[in-house]
Amino acid sequence: LLMKVIRPLDTIKGLSAEGLIRYALSLEGVDCVNIGMDSFDVLNANLKILREYSPMSYNEKQEMTLALAPFFNSKSLPWQDSYYRDGNWVI
């Protein structure tokens, strides 16, 4: 199970929700992605992605991995701060 698979949309230009969802579901060992949705339009768009889903090829996954490198290598993303709180959670 993977969560927040479309989070890189906030920081890397040129990515799409469809590409990120396909990438996540194409990774070995992943059976499910959990995606927050805030409207019926987003829900319907995500359902369309899943209905038309096809796994990424090796080359597509390599391209996405390279595109995501700045996201995963960043040290200044807000949620990496030890004081970051997502929503109203208190830890």
# chains A, B, ... in the order shown; residues from 1 in each chain; ligands from 1

$ select_by_dssp --residues "chain A" --states "alpha helix (DSSP H)" --output "PDB file with C-alpha atoms, in the first residue's frame"
ATOM      1  CA  ALA A  17      -1.628  12.579 -11.520  1.00  0.00           C
ATOM      2  CA  GLU A  18      -2.150   9.836 -14.096  1.00  0.00           C
ATOM      3  CA  GLY A  19       1.591   9.315 -14.530  1.00  0.00           C
ATOM      4  CA  LEU A  20       2.230   9.220 -10.788  1.00  0.00           C
ATOM      5  CA  ILE A  21      -0.615   6.772 -10.152  1.00  0.00           C
ATOM      6  CA  ARG A  22       0.514   4.528 -13.009  1.00  0.00           C
ATOM      7  CA  TYR A  23       4.096   4.674 -11.722  1.00  0.00           C
ATOM      8  CA  ALA A  24       3.075   3.756  -8.185  1.00  0.00           C
ATOM      9  CA  LEU A  25       0.930   0.842  -9.337  1.00  0.00           C
ATOM     10  CA  SER A  26       3.696  -0.353 -11.675  1.00  0.00           C
ATOM     11  CA  PHE A  40     -16.378  14.288  -7.510  1.00  0.00           C
ATOM     12  CA  ASP A  41     -14.418  15.611 -10.495  1.00  0.00           C
ATOM     13  CA  VAL A  42     -11.182  14.286  -8.983  1.00  0.00           C
ATOM     14  CA  LEU A  43     -12.895  11.007  -8.048  1.00  0.00           C
ATOM     15  CA  ASN A  44     -14.141  10.545 -11.613  1.00  0.00           C
ATOM     16  CA  ALA A  45     -10.741  11.444 -13.081  1.00  0.00           C
ATOM     17  CA  ASN A  46      -9.067   8.867 -10.819  1.00  0.00           C
ATOM     18  CA  LEU A  47     -11.636   6.219 -11.720  1.00  0.00           C
ATOM     19  CA  LYS A  48     -10.905   6.885 -15.396  1.00  0.00           C
ATOM     20  CA  ILE A  49      -7.168   6.424 -14.735  1.00  0.00           C
ATOM     21  CA  LEU A  50      -7.825   3.094 -13.030  1.00  0.00           C
ATOM     22  CA  ARG A  51     -10.263   1.850 -15.664  1.00  0.00           C
ATOM     23  CA  TYR A  58      10.673  -0.428 -17.855  1.00  0.00           C
ATOM     24  CA  ASN A  59      11.709   2.689 -19.806  1.00  0.00           C
ATOM     25  CA  GLU A  60       8.690   4.680 -18.595  1.00  0.00           C
ATOM     26  CA  LYS A  61       9.489   3.743 -14.987  1.00  0.00           C
ATOM     27  CA  GLN A  62      13.118   4.790 -15.461  1.00  0.00           C
ATOM     28  CA  GLU A  63      12.035   8.170 -16.862  1.00  0.00           C
ATOM     29  CA  MET A  64       9.646   8.731 -13.938  1.00  0.00           C
ATOM     30  CA  THR A  65      12.303   7.683 -11.431  1.00  0.00           C
ATOM     31  CA  LEU A  66      14.658  10.314 -12.873  1.00  0.00           C
ATOM     32  CA  ALA A  67      11.900  12.953 -12.866  1.00  0.00           C
ATOM     33  CA  LEU A  68      11.150  12.206  -9.190  1.00  0.00           C
ATOM     34  CA  ALA A  69      14.787  12.348  -8.040  1.00  0.00           C
ATOM     35  CA  PRO A  70      14.627  16.044  -7.006  1.00  0.00           C
ATOM     36  CA  PHE A  71      11.538  15.292  -4.904  1.00  0.00           C
ATOM     37  CA  PHE A  72      13.071  12.359  -3.068  1.00  0.00           C
ATOM     38  CA  ASN A  73      16.496  13.995  -2.726  1.00  0.00           C
TER      39      ASN A  73
END

$ residues_around --residues "Val33 (chain A)" --least-positions-apart "2" --cutoff "7 Å" --atoms "only C-alpha atoms" --output "count of residues only"
4

$ closest_residue --among "A:Asp81, A:Ser16, A:Leu27, A:Met37" --to "Pro55 (chain A)" --atoms "only C-alpha atoms"
A:Leu27

$ select_by_dssp --residues "chain A" --states "strand (DSSP E)" --output "ChimeraX atom specification"
/A:2-3,33-34

$ write_last_selection --atoms "C-alpha atoms" --output "tab-separated table (two decimals), in the first residue's frame"
chain	number	residue	atom	x	y	z
A	2	LEU	CA	1.35	3.41	-0.94
A	3	MET	CA	0.00	6.74	0.23
A	33	VAL	CA	-2.53	3.26	-3.65
A	34	ASN	CA	-4.41	5.53	-1.28

$ atom_distance --atom1 "CA of Ile12 (chain A)" --atom2 "CA of Pro78 (chain A)"
14.2 Å

$ atom_distance --atom1 "CA of Arg7 (chain A)" --atom2 "CA of Gly36 (chain A)"
10.1 Å

$ atom_distance --atom1 "CA of Val30 (chain A)" --atom2 "CA of Val5 (chain A)"
11.7 Å
